[in-house]
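One file, protein_24.csv, is given below (CSV, C-alpha atoms and all ligand atoms).
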```csv
chain,number,residue,atom,x,y,z
K,1,MET,CA,-211.8,-87.3,48.2
K,2,ARG,CA,-208.2,-88.1,48.7
K,3,PHE,CA,-208.3,-91.9,49.4
K,4,ASP,CA,-207.0,-92.6,52.8
K,5,PRO,CA,-208.4,-95.8,54.2
K,6,ALA,CA,-207.5,-94.8,57.8
K,7,LEU,CA,-208.6,-91.2,57.8
K,8,ARG,CA,-211.7,-91.3,55.7
K,9,ASP,CA,-213.7,-93.0,58.5
K,10,GLU,CA,-212.3,-90.7,61.2
K,11,TRP,CA,-214.0,-87.7,62.7
K,12,HIS,CA,-212.1,-84.5,61.8
K,13,PRO,CA,-212.4,-81.2,63.6
K,14,ALA,CA,-213.8,-78.7,61.0
K,15,ALA,CA,-214.6,-75.5,63.0
K,16,ARG,CA,-215.2,-74.1,66.4
K,17,SER,CA,-218.9,-74.1,67.2
K,18,GLU,CA,-219.2,-70.3,67.3
K,19,GLN,CA,-217.7,-70.0,63.8
K,20,VAL,CA,-220.8,-71.5,62.3
K,21,ALA,CA,-223.6,-69.0,63.1
K,22,GLU,CA,-225.8,-67.2,60.6
K,23,LYS,CA,-223.5,-67.7,57.6
K,24,PRO,CA,-222.4,-70.9,55.9
K,25,VAL,CA,-218.7,-71.8,56.4
K,26,SER,CA,-216.5,-73.5,53.8
K,27,VAL,CA,-213.9,-76.0,55.0
K,28,THR,CA,-211.7,-78.6,53.2
K,29,VAL,CA,-211.6,-82.1,54.6
K,30,LEU,CA,-209.2,-84.6,52.9
K,31,GLY,CA,-209.4,-82.6,49.7
K,32,GLU,CA,-213.2,-82.3,49.7
K,33,SER,CA,-214.9,-78.9,49.8
K,34,VAL,CA,-217.5,-79.1,52.6
K,35,VAL,CA,-220.0,-76.4,53.6
K,36,LEU,CA,-221.1,-76.2,57.2
K,37,PHE,CA,-224.4,-74.5,58.2
K,38,ARG,CA,-227.0,-74.6,60.9
K,39,SER,CA,-230.2,-76.2,59.8
K,40,SER,CA,-233.3,-76.4,62.0
K,41,GLU,CA,-232.1,-79.8,63.2
K,42,GLY,CA,-228.6,-78.6,64.1
K,43,VAL,CA,-225.3,-78.2,62.3
K,44,ARG,CA,-225.0,-80.0,58.9
K,45,ALA,CA,-222.1,-80.7,56.5
K,46,LEU,CA,-222.8,-80.8,52.8
K,47,ARG,CA,-220.7,-81.1,49.7
K,48,ASP,CA,-219.9,-77.5,48.9
K,49,LEU,CA,-221.2,-77.5,45.4
K,50,CYS,CA,-224.6,-76.6,43.9
K,51,ILE,CA,-225.8,-79.3,41.5
K,52,HIS,CA,-227.2,-76.7,39.2
K,53,ARG,CA,-224.2,-74.8,37.9
K,54,GLY,CA,-221.3,-75.8,40.2
K,55,VAL,CA,-221.3,-72.8,42.5
K,56,PRO,CA,-220.0,-73.3,46.0
K,57,LEU,CA,-223.0,-73.3,48.4
K,58,SER,CA,-220.8,-71.6,50.9
K,59,LEU,CA,-221.2,-68.4,48.9
K,60,GLY,CA,-224.9,-68.4,49.7
K,61,THR,CA,-226.9,-67.6,52.8
K,62,VAL,CA,-228.9,-69.5,55.4
K,63,ARG,CA,-232.6,-68.8,55.5
K,64,GLU,CA,-234.9,-70.6,58.0
K,65,GLY,CA,-232.5,-73.4,58.4
K,66,GLU,CA,-232.0,-73.9,54.7
K,67,LEU,CA,-229.0,-73.2,52.6
K,68,VAL,CA,-229.7,-70.8,49.7
K,69,CYS,CA,-227.4,-70.9,46.7
K,70,ALA,CA,-226.0,-67.5,45.8
K,71,TYR,CA,-226.5,-67.9,42.0
K,72,HIS,CA,-230.2,-68.8,41.3
K,73,GLY,CA,-231.5,-69.2,44.8
K,74,TRP,CA,-232.0,-73.0,45.0
K,75,ARG,CA,-232.6,-73.9,48.6
K,76,TYR,CA,-231.2,-77.1,50.2
K,77,ASP,CA,-232.3,-78.6,53.5
K,78,GLY,CA,-230.1,-80.3,56.1
K,79,GLU,CA,-230.3,-83.6,54.2
K,80,GLY,CA,-228.9,-82.1,51.1
K,81,ARG,CA,-232.2,-82.1,49.2
K,82,CYS,CA,-233.1,-79.2,47.1
K,83,VAL,CA,-236.5,-78.1,48.4
K,84,CYS,CA,-237.1,-75.0,46.4
K,85,ILE,CA,-236.2,-73.8,42.9
K,86,PRO,CA,-237.5,-70.3,42.5
K,87,ALA,CA,-237.4,-70.4,38.6
K,88,LEU,CA,-239.7,-73.4,38.4
K,89,PRO,CA,-243.3,-72.5,37.5
K,90,ALA,CA,-245.8,-73.3,40.2
K,91,GLY,CA,-246.9,-76.9,40.3
K,92,GLN,CA,-243.8,-78.4,38.7
K,93,THR,CA,-241.9,-80.9,40.8
K,94,ILE,CA,-238.3,-80.6,41.8
K,95,PRO,CA,-236.2,-83.3,40.1
K,96,PRO,CA,-235.1,-85.9,42.6
K,97,LYS,CA,-231.5,-85.5,41.3
K,98,ALA,CA,-231.5,-81.9,42.7
K,99,ARG,CA,-229.5,-82.7,45.8
K,100,THR,CA,-226.0,-82.5,47.1
K,101,GLU,CA,-224.0,-85.1,49.1
K,102,THR,CA,-224.2,-84.9,52.9
K,103,TYR,CA,-221.5,-86.0,55.4
K,104,ALA,CA,-221.8,-87.1,59.0
K,105,CYS,CA,-221.5,-84.1,61.2
K,106,THR,CA,-221.7,-83.5,64.9
K,107,GLU,CA,-221.0,-80.9,67.5
K,108,LEU,CA,-219.0,-81.8,70.7
K,109,TYR,CA,-216.5,-80.1,73.0
K,110,GLY,CA,-217.3,-76.8,71.3
K,111,LEU,CA,-216.1,-78.1,68.0
K,112,ILE,CA,-217.9,-79.2,64.8
K,113,TRP,CA,-216.7,-82.6,63.6
K,114,VAL,CA,-217.1,-84.1,60.1
K,115,CYS,CA,-216.6,-87.6,58.9
K,116,LEU,CA,-216.5,-88.1,55.1
K,117,PHE,CA,-217.3,-91.7,54.9
K,118,ASP,CA,-218.3,-94.2,57.5
K,119,PRO,CA,-218.0,-92.9,61.1
K,120,ARG,CA,-217.2,-96.2,62.7
K,121,THR,CA,-214.7,-94.6,65.0
K,122,LEU,CA,-215.7,-92.7,68.1
K,123,LEU,CA,-215.0,-89.1,68.6
K,124,PRO,CA,-211.7,-88.5,70.4
K,125,PRO,CA,-212.2,-89.5,74.1
K,126,ILE,CA,-211.9,-86.0,75.5
K,127,ALA,CA,-214.8,-85.5,77.8
K,128,GLY,CA,-214.6,-89.0,79.5
K,129,ARG,CA,-211.5,-87.9,81.4
K,130,ILE,CA,-212.4,-84.4,82.2
K,131,ASP,CA,-215.3,-83.4,84.4
K,132,ASP,CA,-217.1,-80.0,84.1
K,133,THR,CA,-215.3,-78.5,87.0
K,134,TYR,CA,-212.5,-77.8,84.5
K,135,LEU,CA,-212.3,-74.5,82.6
K,136,SER,CA,-212.1,-75.1,78.9
K,137,ILE,CA,-210.7,-73.1,76.0
K,138,ARG,CA,-211.0,-73.9,72.3
K,139,MET,CA,-208.3,-72.6,70.0
K,140,GLY,CA,-208.0,-72.6,66.3
K,141,PRO,CA,-208.3,-73.2,63.5
K,142,TYR,CA,-204.6,-72.4,63.0
K,143,PRO,CA,-203.8,-72.9,59.3
K,144,VAL,CA,-200.4,-74.6,58.7
K,145,LYS,CA,-198.8,-75.2,55.3
K,146,ALA,CA,-197.5,-78.6,56.3
K,147,ALA,CA,-198.7,-82.2,56.3
K,148,ALA,CA,-201.0,-82.9,59.3
K,149,PRO,CA,-198.8,-85.7,60.7
K,150,ARG,CA,-195.9,-83.2,60.7
K,151,VAL,CA,-197.9,-80.9,63.0
K,152,ILE,CA,-198.8,-83.7,65.3
K,153,GLU,CA,-195.3,-85.0,65.5
K,154,ASN,CA,-194.0,-81.6,66.4
K,155,PHE,CA,-196.4,-81.5,69.3
K,156,LEU,CA,-195.0,-84.9,70.4
K,157,ASP,CA,-191.4,-83.8,70.0
K,158,ILE,CA,-190.0,-83.0,73.5
K,159,SER,CA,-186.5,-81.9,72.7
K,160,HIS,CA,-187.5,-78.9,70.6
K,161,LEU,CA,-189.1,-77.1,73.5
K,162,MET,CA,-185.8,-75.7,74.8
K,163,PHE,CA,-184.9,-74.2,71.4
K,164,VAL,CA,-188.0,-73.3,69.4
K,165,HIS,CA,-189.8,-72.1,72.6
K,166,GLU,CA,-186.7,-70.9,74.5
K,167,GLY,CA,-187.7,-68.8,77.5
K,168,LEU,CA,-191.2,-70.2,77.5
K,169,LEU,CA,-191.5,-73.9,77.3
K,170,GLY,CA,-187.9,-74.7,77.8
K,171,ASP,CA,-184.4,-73.5,78.5
K,172,PRO,CA,-181.3,-74.7,76.5
K,173,ALA,CA,-179.4,-75.0,79.7
K,174,HIS,CA,-181.9,-77.8,80.7
K,175,ALA,CA,-182.1,-79.6,77.4
K,176,GLU,CA,-181.5,-83.2,78.6
K,177,ILE,CA,-184.5,-85.5,78.3
K,178,ASN,CA,-185.0,-88.2,80.9
K,179,ASP,CA,-185.4,-91.8,79.7
K,180,TYR,CA,-189.0,-92.7,79.2
K,181,ALA,CA,-191.0,-95.5,77.5
K,182,VAL,CA,-194.2,-95.5,75.5
K,183,HIS,CA,-196.9,-98.0,76.5
K,184,ALA,CA,-200.1,-99.2,75.0
K,185,ALA,CA,-202.8,-98.0,77.5
K,186,GLY,CA,-206.2,-99.1,76.5
K,187,GLU,CA,-207.2,-97.2,73.4
K,188,CYS,CA,-204.1,-95.0,73.4
K,189,LEU,CA,-200.3,-94.9,73.5
K,190,ARG,CA,-199.0,-93.2,76.7
K,191,THR,CA,-195.6,-92.1,77.8
K,192,ASP,CA,-194.0,-92.3,81.2
K,193,GLU,CA,-193.5,-89.0,82.9
K,194,ILE,CA,-191.1,-86.6,81.2
K,195,ILE,CA,-189.7,-83.8,83.3
K,196,VAL,CA,-189.1,-80.5,81.6
K,197,TYR,CA,-187.9,-77.3,83.1
K,198,GLN,CA,-190.2,-74.5,81.8
K,199,PRO,CA,-189.7,-70.8,82.4
K,200,ASP,CA,-193.2,-70.0,81.4
K,201,PRO,CA,-195.3,-73.0,80.5
K,202,ASP,CA,-198.8,-71.5,80.2
K,203,GLY,CA,-198.4,-67.7,79.7
K,204,ARG,CA,-198.6,-66.7,83.3
K,205,GLY,CA,-194.8,-66.4,83.6
K,206,ILE,CA,-194.4,-68.9,86.4
K,207,GLY,CA,-191.3,-71.1,86.0
K,208,VAL,CA,-191.5,-74.8,87.1
K,209,HIS,CA,-190.3,-78.3,86.5
K,210,ASN,CA,-193.2,-79.9,84.8
K,211,ARG,CA,-193.9,-83.6,84.6
K,212,TYR,CA,-195.7,-84.3,81.4
K,213,ILE,CA,-197.4,-87.4,80.1
K,214,TYR,CA,-198.3,-87.6,76.4
K,215,GLU,CA,-201.0,-89.7,74.9
K,216,ILE,CA,-201.8,-90.6,71.2
K,217,PHE,CA,-205.4,-91.4,70.6
K,218,SER,CA,-205.6,-91.6,66.9
K,219,PRO,CA,-203.5,-90.5,63.9
K,220,LEU,CA,-204.5,-86.8,64.3
K,221,CYS,CA,-205.5,-86.5,67.9
K,222,VAL,CA,-203.0,-86.3,70.8
K,223,LYS,CA,-202.7,-84.8,74.2
K,224,LEU,CA,-200.3,-83.8,76.9
K,225,PHE,CA,-201.2,-83.4,80.5
K,226,LYS,CA,-199.6,-82.7,83.9
K,227,GLN,CA,-200.8,-83.6,87.3
K,228,PRO,CA,-198.1,-82.3,89.7
K,229,ALA,CA,-198.2,-84.3,92.9
K,230,GLU,CA,-197.4,-81.2,95.0
K,231,THR,CA,-200.5,-79.2,93.9
K,232,GLU,CA,-204.0,-79.8,92.8
K,233,GLU,CA,-203.4,-78.1,89.5
K,234,ARG,CA,-204.5,-80.1,86.5
K,235,PHE,CA,-203.8,-79.2,82.9
K,236,HIS,CA,-204.7,-81.1,79.7
K,237,LEU,CA,-204.0,-79.9,76.2
K,238,PHE,CA,-205.4,-81.7,73.2
K,239,LEU,CA,-204.3,-81.1,69.7
K,240,VAL,CA,-206.5,-82.3,66.9
K,241,VAL,CA,-205.6,-81.5,63.3
K,242,LEU,CA,-207.8,-81.3,60.2
K,243,PRO,CA,-206.1,-82.7,57.2
K,244,GLU,CA,-207.1,-80.4,54.3
K,245,THR,CA,-204.8,-81.5,51.6
K,246,GLU,CA,-201.6,-83.7,51.5
K,247,THR,CA,-199.5,-80.7,52.6
K,248,THR,CA,-201.9,-78.3,54.3
K,249,CYS,CA,-203.9,-78.6,57.5
K,250,SER,CA,-205.5,-76.7,60.3
K,251,ALA,CA,-204.8,-77.2,64.0
K,252,PHE,CA,-207.3,-77.0,66.8
K,253,MET,CA,-206.4,-77.1,70.5
K,254,LEU,CA,-208.6,-77.8,73.5
K,255,GLN,CA,-207.2,-76.7,76.8
K,256,TYR,CA,-208.7,-77.9,80.1
K,257,ARG,CA,-207.5,-76.6,83.5
K,258,ASN,CA,-208.8,-76.5,87.0
K,259,TYR,CA,-206.8,-73.4,88.2
K,260,ALA,CA,-206.4,-69.7,87.3
K,261,ALA,CA,-210.1,-69.1,87.0
K,262,ASP,CA,-209.4,-65.4,87.3
K,263,VAL,CA,-207.0,-65.3,84.3
K,264,PRO,CA,-208.8,-64.2,81.1
K,265,ASP,CA,-208.9,-66.8,78.3
K,266,GLU,CA,-207.0,-64.3,76.0
K,267,VAL,CA,-203.9,-64.8,78.1
K,268,PHE,CA,-203.9,-68.5,77.3
K,269,ILE,CA,-205.0,-68.1,73.7
K,270,ASP,CA,-202.4,-65.4,72.9
K,271,PHE,CA,-199.7,-67.6,74.5
K,272,GLN,CA,-200.8,-70.7,72.4
K,273,SER,CA,-200.9,-68.6,69.2
K,274,ARG,CA,-197.4,-67.3,69.9
K,275,LEU,CA,-196.1,-70.9,70.4
K,276,LEU,CA,-197.9,-72.0,67.3
K,277,GLU,CA,-196.1,-69.3,65.2
K,278,GLN,CA,-192.8,-70.5,66.6
K,279,ASP,CA,-193.6,-74.1,65.6
K,280,LYS,CA,-195.0,-73.1,62.2
K,281,ARG,CA,-191.7,-71.5,61.1
K,282,ILE,CA,-190.0,-74.9,61.7
K,283,VAL,CA,-192.7,-77.3,60.5
K,284,GLU,CA,-193.5,-75.5,57.3
K,285,ALA,CA,-189.8,-75.6,56.4
K,286,GLN,CA,-189.3,-79.4,57.2
K,287,ARG,CA,-188.3,-81.6,54.3
K,288,PRO,CA,-189.5,-83.9,53.0
K,289,GLU,CA,-192.9,-82.4,53.3
K,290,LEU,CA,-194.4,-85.9,53.8
K,291,LEU,CA,-193.6,-87.5,57.1
K,292,PRO,CA,-191.3,-90.6,56.4
K,293,LEU,CA,-192.8,-93.7,58.0
K,294,ASP,CA,-189.7,-95.7,57.3
K,295,LEU,CA,-187.8,-95.4,60.5
K,296,GLN,CA,-184.5,-95.8,58.6
K,297,ALA,CA,-185.2,-92.6,56.8
K,298,GLU,CA,-184.1,-90.1,59.5
K,299,LEU,CA,-182.0,-90.4,62.6
K,300,HIS,CA,-183.8,-91.1,65.9
K,301,LEU,CA,-182.5,-90.7,69.5
K,302,ARG,CA,-183.9,-92.3,72.6
K,303,CYS,CA,-185.7,-89.0,73.4
K,304,ASP,CA,-187.5,-89.4,70.0
K,305,ARG,CA,-189.2,-92.6,71.1
K,306,LEU,CA,-192.6,-90.9,71.1
K,307,SER,CA,-192.2,-89.8,67.5
K,308,MET,CA,-191.1,-93.3,66.6
K,309,ALA,CA,-194.1,-94.8,68.3
K,310,TYR,CA,-196.3,-92.2,66.4
K,311,ARG,CA,-194.7,-93.1,63.0
K,312,ARG,CA,-195.2,-96.8,63.7
K,313,MET,CA,-198.8,-96.2,64.6
K,314,LEU,CA,-199.4,-94.3,61.4
K,315,ARG,CA,-197.9,-97.1,59.4
K,316,GLU,CA,-199.9,-99.8,61.2
K,317,ARG,CA,-203.1,-97.9,60.6
K,318,GLY,CA,-202.3,-97.3,56.9
K,319,VAL,CA,-202.4,-93.5,57.0
K,320,THR,CA,-201.4,-92.3,53.6
K,321,ILE,CA,-202.2,-88.6,53.6
K,322,GLY,CA,-199.2,-86.5,54.6
K,323,THR,CA,-196.9,-89.5,54.9
K,324,ALA,CA,-194.4,-91.2,52.7
K,401,LIG,S1,-225.8,-72.6,40.6
K,401,LIG,FE1,-226.8,-72.8,42.5
K,401,LIG,S2,-228.8,-72.3,42.0
K,401,LIG,FE2,-227.9,-72.2,40.1
K,402,FE,FE,-193.6,-76.6,69.7
```
Can I see the file as structure tokens?
Ligand code: FES
Ligand SMILES: [Fe+2]
Amino acid sequence: MRFDPALRDEWHPAARSEQVAEKPVSVTVLGESVVLFRSSEGVRALRDLCIHRGVPLSLGTVREGELVCAYHGWRYDGEGRCVCIPALPAGQTIPPKARTETYACTELYGLIWVCLFDPRTLLPPIAGRIDDTYLSIRMGPYPVKAAAPRVIENFLDISHLMFVHEGLLGDPAHAEINDYAVHAAGECLRTDEIIVYQPDPDGRGIGVHNRYIYEIFSPLCVKLFKQPAETEERFHLFLVVLPETETTCSAFMLQYRNYAADVPDEVFIDFQSRLLEQDKRIVEAQRPELLPLDLQAELHLRCDRLSMAYRRMLRERGVTIGTA
């Protein structure tokens, strides 16, 4: 495991629930290869390595809630114990060493979450604020060849909307950003309202002046939401990023809305995928690859306050992966 005192105890999004069905799924969490599978007790995360001859367990199959290695058929249960070695003559006991490491794993908000070490932190506070009258969509994983904090910071960057997402999330003729502050609000950091003119903010092609509030919950979980006073429309978009290696990650998004029930999910998903491609082109090219936490290292404007608050928070928490 890549040592990161802040992130090793955090819950990381590893897959969408429906990705982990009959077959085991391989993911990388902070440099560790992890296999996800459905045991009889629910979804489990094990070290993706058979103790016998070092074959990834994710190459195997799931039989009756056990993970069967592809090489010699050893079977592992949800606790990582080897419970069957087909080559052993009847009556011989399975050596207690025959096991693989397990990680904390849980399923919530339609995602599977993994914590490599000590899950002292709570899962991102997503459901607490959003009741079940909302429609929800889960998106991702979107692989990005960039450090996870770069991807989060891009989401928090307001003044790129008019250029990277011209015609959709912004218009270069309306590029000015109103002054705003970032406050500590309970468990998170929250901005004042930021007003952005958006020609097509959610894929339905309806232009509007949106008032956004951004929140930072943890190093790799952030959100924006809008609650326009003039309508009952509510929109929340969470971004949670899985740090795979120092310079690669996968992004997941959770969208909650209480309007446009008749619009198929694909409209929103295709739109978000298109935005993500636009962001990827920029974020994957940014240098240095590791996000500089020294605020003297780059030039910041007032409109970049949110990014500055984010970098400060990473520094205070001691996040090392993807940062410099
Ligand atoms: S390598 Fe897995 S059973 Fe032999
Ligand atoms: Fe963007």
Interface rows for range 92-193 of chain K against range 241-248 of chain K: nearest pair, Å to one decimal, 6 Å, only C-alpha atoms, as a Markdown table:
```
| residue | atom | partner | partner_atom | distance |
| --- | --- | --- | --- | --- |
| K:Val144 | CA | K:Thr248 | CA | 5.9 |
| K:Lys145 | CA | K:Thr248 | CA | 4.5 |
| K:Ala146 | CA | K:Thr247 | CA | 4.7 |
| K:Ala147 | CA | K:Thr247 | CA | 4.1 |
| K:Ala148 | CA | K:Pro243 | CA | 5.5 |
```
How many Å separate CA of Gln278 in chain K from CA of Ile195 in chain K?
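Answer for the CA of Gln278 in chain K to CA of Ile195 in chain K separation: 21.6 Å.
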Please list, as a PyMOL selection string, the residues that have an atom at most 12 Å away from (-236.1, -77.8, 36.8) in the coordinates of this file, counting only C-alpha atoms.
chain K and resi 51-52+72+74+82-98
Asp304 in chain K surroundings by all atoms listed in the file, 12 Å radius, close-in-sequence under 3 positions cut, as a PyMOL selection string:
chain K and resi 153-160+177-182+191+295+298-301+307-311
Write out the residues from the selection above, keeping C-alpha atoms, as a compact mmCIF listing (two decimals), in the coordinates of the input.
```
# COMPACT_ATOMS: atom_id res chain seq x y z
CA GLU K 153 -195.30 -85.00 65.50
CA ASN K 154 -194.00 -81.60 66.40
CA PHE K 155 -196.40 -81.50 69.30
CA LEU K 156 -195.00 -84.90 70.40
CA ASP K 157 -191.40 -83.80 70.00
CA ILE K 158 -190.00 -83.00 73.50
CA SER K 159 -186.50 -81.90 72.70
CA HIS K 160 -187.50 -78.90 70.60
CA ILE K 177 -184.50 -85.50 78.30
CA ASN K 178 -185.00 -88.20 80.90
CA ASP K 179 -185.40 -91.80 79.70
CA TYR K 180 -189.00 -92.70 79.20
CA ALA K 181 -191.00 -95.50 77.50
CA VAL K 182 -194.20 -95.50 75.50
CA THR K 191 -195.60 -92.10 77.80
CA LEU K 295 -187.80 -95.40 60.50
CA GLU K 298 -184.10 -90.10 59.50
CA LEU K 299 -182.00 -90.40 62.60
CA HIS K 300 -183.80 -91.10 65.90
CA LEU K 301 -182.50 -90.70 69.50
CA SER K 307 -192.20 -89.80 67.50
CA MET K 308 -191.10 -93.30 66.60
CA ALA K 309 -194.10 -94.80 68.30
CA TYR K 310 -196.30 -92.20 66.40
CA ARG K 311 -194.70 -93.10 63.00
```
Shell around Ala251 in chain K at 12 Å using only C-alpha atoms, local window under 5 positions removed, as a PyMOL selection string
chain K and resi 12-16+138-152+154-155+220-222+238-244+272-273+276-277+279-280
Would you save the residues from that selection as a compact mmCIF listing (two decimals), in the coordinates of the input, using C-alpha atoms?
```txt
# COMPACT_ATOMS: atom_id res chain seq x y z
CA HIS K 12 -212.10 -84.50 61.80
CA PRO K 13 -212.40 -81.20 63.60
CA ALA K 14 -213.80 -78.70 61.00
CA ALA K 15 -214.60 -75.50 63.00
CA ARG K 16 -215.20 -74.10 66.40
CA ARG K 138 -211.00 -73.90 72.30
CA MET K 139 -208.30 -72.60 70.00
CA GLY K 140 -208.00 -72.60 66.30
CA PRO K 141 -208.30 -73.20 63.50
CA TYR K 142 -204.60 -72.40 63.00
CA PRO K 143 -203.80 -72.90 59.30
CA VAL K 144 -200.40 -74.60 58.70
CA LYS K 145 -198.80 -75.20 55.30
CA ALA K 146 -197.50 -78.60 56.30
CA ALA K 147 -198.70 -82.20 56.30
CA ALA K 148 -201.00 -82.90 59.30
CA PRO K 149 -198.80 -85.70 60.70
CA ARG K 150 -195.90 -83.20 60.70
CA VAL K 151 -197.90 -80.90 63.00
CA ILE K 152 -198.80 -83.70 65.30
CA ASN K 154 -194.00 -81.60 66.40
CA PHE K 155 -196.40 -81.50 69.30
CA LEU K 220 -204.50 -86.80 64.30
CA CYS K 221 -205.50 -86.50 67.90
CA VAL K 222 -203.00 -86.30 70.80
CA PHE K 238 -205.40 -81.70 73.20
CA LEU K 239 -204.30 -81.10 69.70
CA VAL K 240 -206.50 -82.30 66.90
CA VAL K 241 -205.60 -81.50 63.30
CA LEU K 242 -207.80 -81.30 60.20
CA PRO K 243 -206.10 -82.70 57.20
CA GLU K 244 -207.10 -80.40 54.30
CA GLN K 272 -200.80 -70.70 72.40
CA SER K 273 -200.90 -68.60 69.20
CA LEU K 276 -197.90 -72.00 67.30
CA GLU K 277 -196.10 -69.30 65.20
CA ASP K 279 -193.60 -74.10 65.60
CA LYS K 280 -195.00 -73.10 62.20
```
Check every protein, DNA and RNA residue against ligand LIG 401 (chain K), keep those with an atom at most 8 Å away (counting only C-alpha atoms and all ligand atoms), and present them as number ranges by chain.
K: 49-57, 68-75, 85
Can you tell me how far CA of Asp202 in chain K sits from CA of Leu291 in chain K, in Å to one decimal?
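Rounded to one decimal, the two atoms are 28.6 Å apart.
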Calculate how many Å separate CA of Pro201 in chain K from CA of Lys226 in chain K, rounding to one decimal.
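CA of Pro201 in chain K sits 11.1 Å away from CA of Lys226 in chain K.
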I'd like to know which of K:Val263, K:Leu7, K:Ile282, K:Ile216 is closest to Arg312 in chain K, using only C-alpha atoms.
K:Ile216
Fewer than 6 positions away in the same chain doesn't count, so skip those; otherwise give me all residues within 8 Å of range 162-164 of chain K, counting only C-alpha atoms, as a ChimeraX atom specification.
/K:170-172,174-175,278-279
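Distance check against Asn258 in chain K using all atoms listed in the file: of K:Glu316, K:Glu215, K:Asp131, K:Glu193, the minimum falls on K:Asp131.
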With a distance cut-off of 7 Å and only C-alpha atoms, select the neighbouring residues of Pro292 in chain K, excluding the residue or stretch itself and same-chain residues fewer than 3 positions from it, and output the selection as a VMD selection string.
chain K and resid 297 323 to 324
Neighbour list for Ser58 in chain K as a PyMOL selection string, cut-off 12 Å, all atoms listed in the file, skip fewer than 6 positions in-chain
chain K and resi 20+22-28+33-37+45-50+67-71+76
Find the residue from K:Ile194, K:Pro264, K:Leu169, K:Gly186 that sits nearest to ligand FE 402 (chain K); use all atoms listed in the file when measuring.
K:Leu169
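You can rank K:Leu189, K:Met313, K:Gly60, K:Pro5 by their closest distance to Asp118 in chain K using only C-alpha atoms, and at the top of that list sits K:Pro5.
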Of K:Glu166, K:Asp77, K:Glu101, K:Asp132, the one nearest to ligand FE 402 (chain K) when counting all atoms listed in the file is K:Glu166
Quick one: of K:Leu123, K:Leu293, K:Val283, K:Val196, who's nearest to ligand FE 402 (chain K), counting all atoms listed in the file?
K:Val283
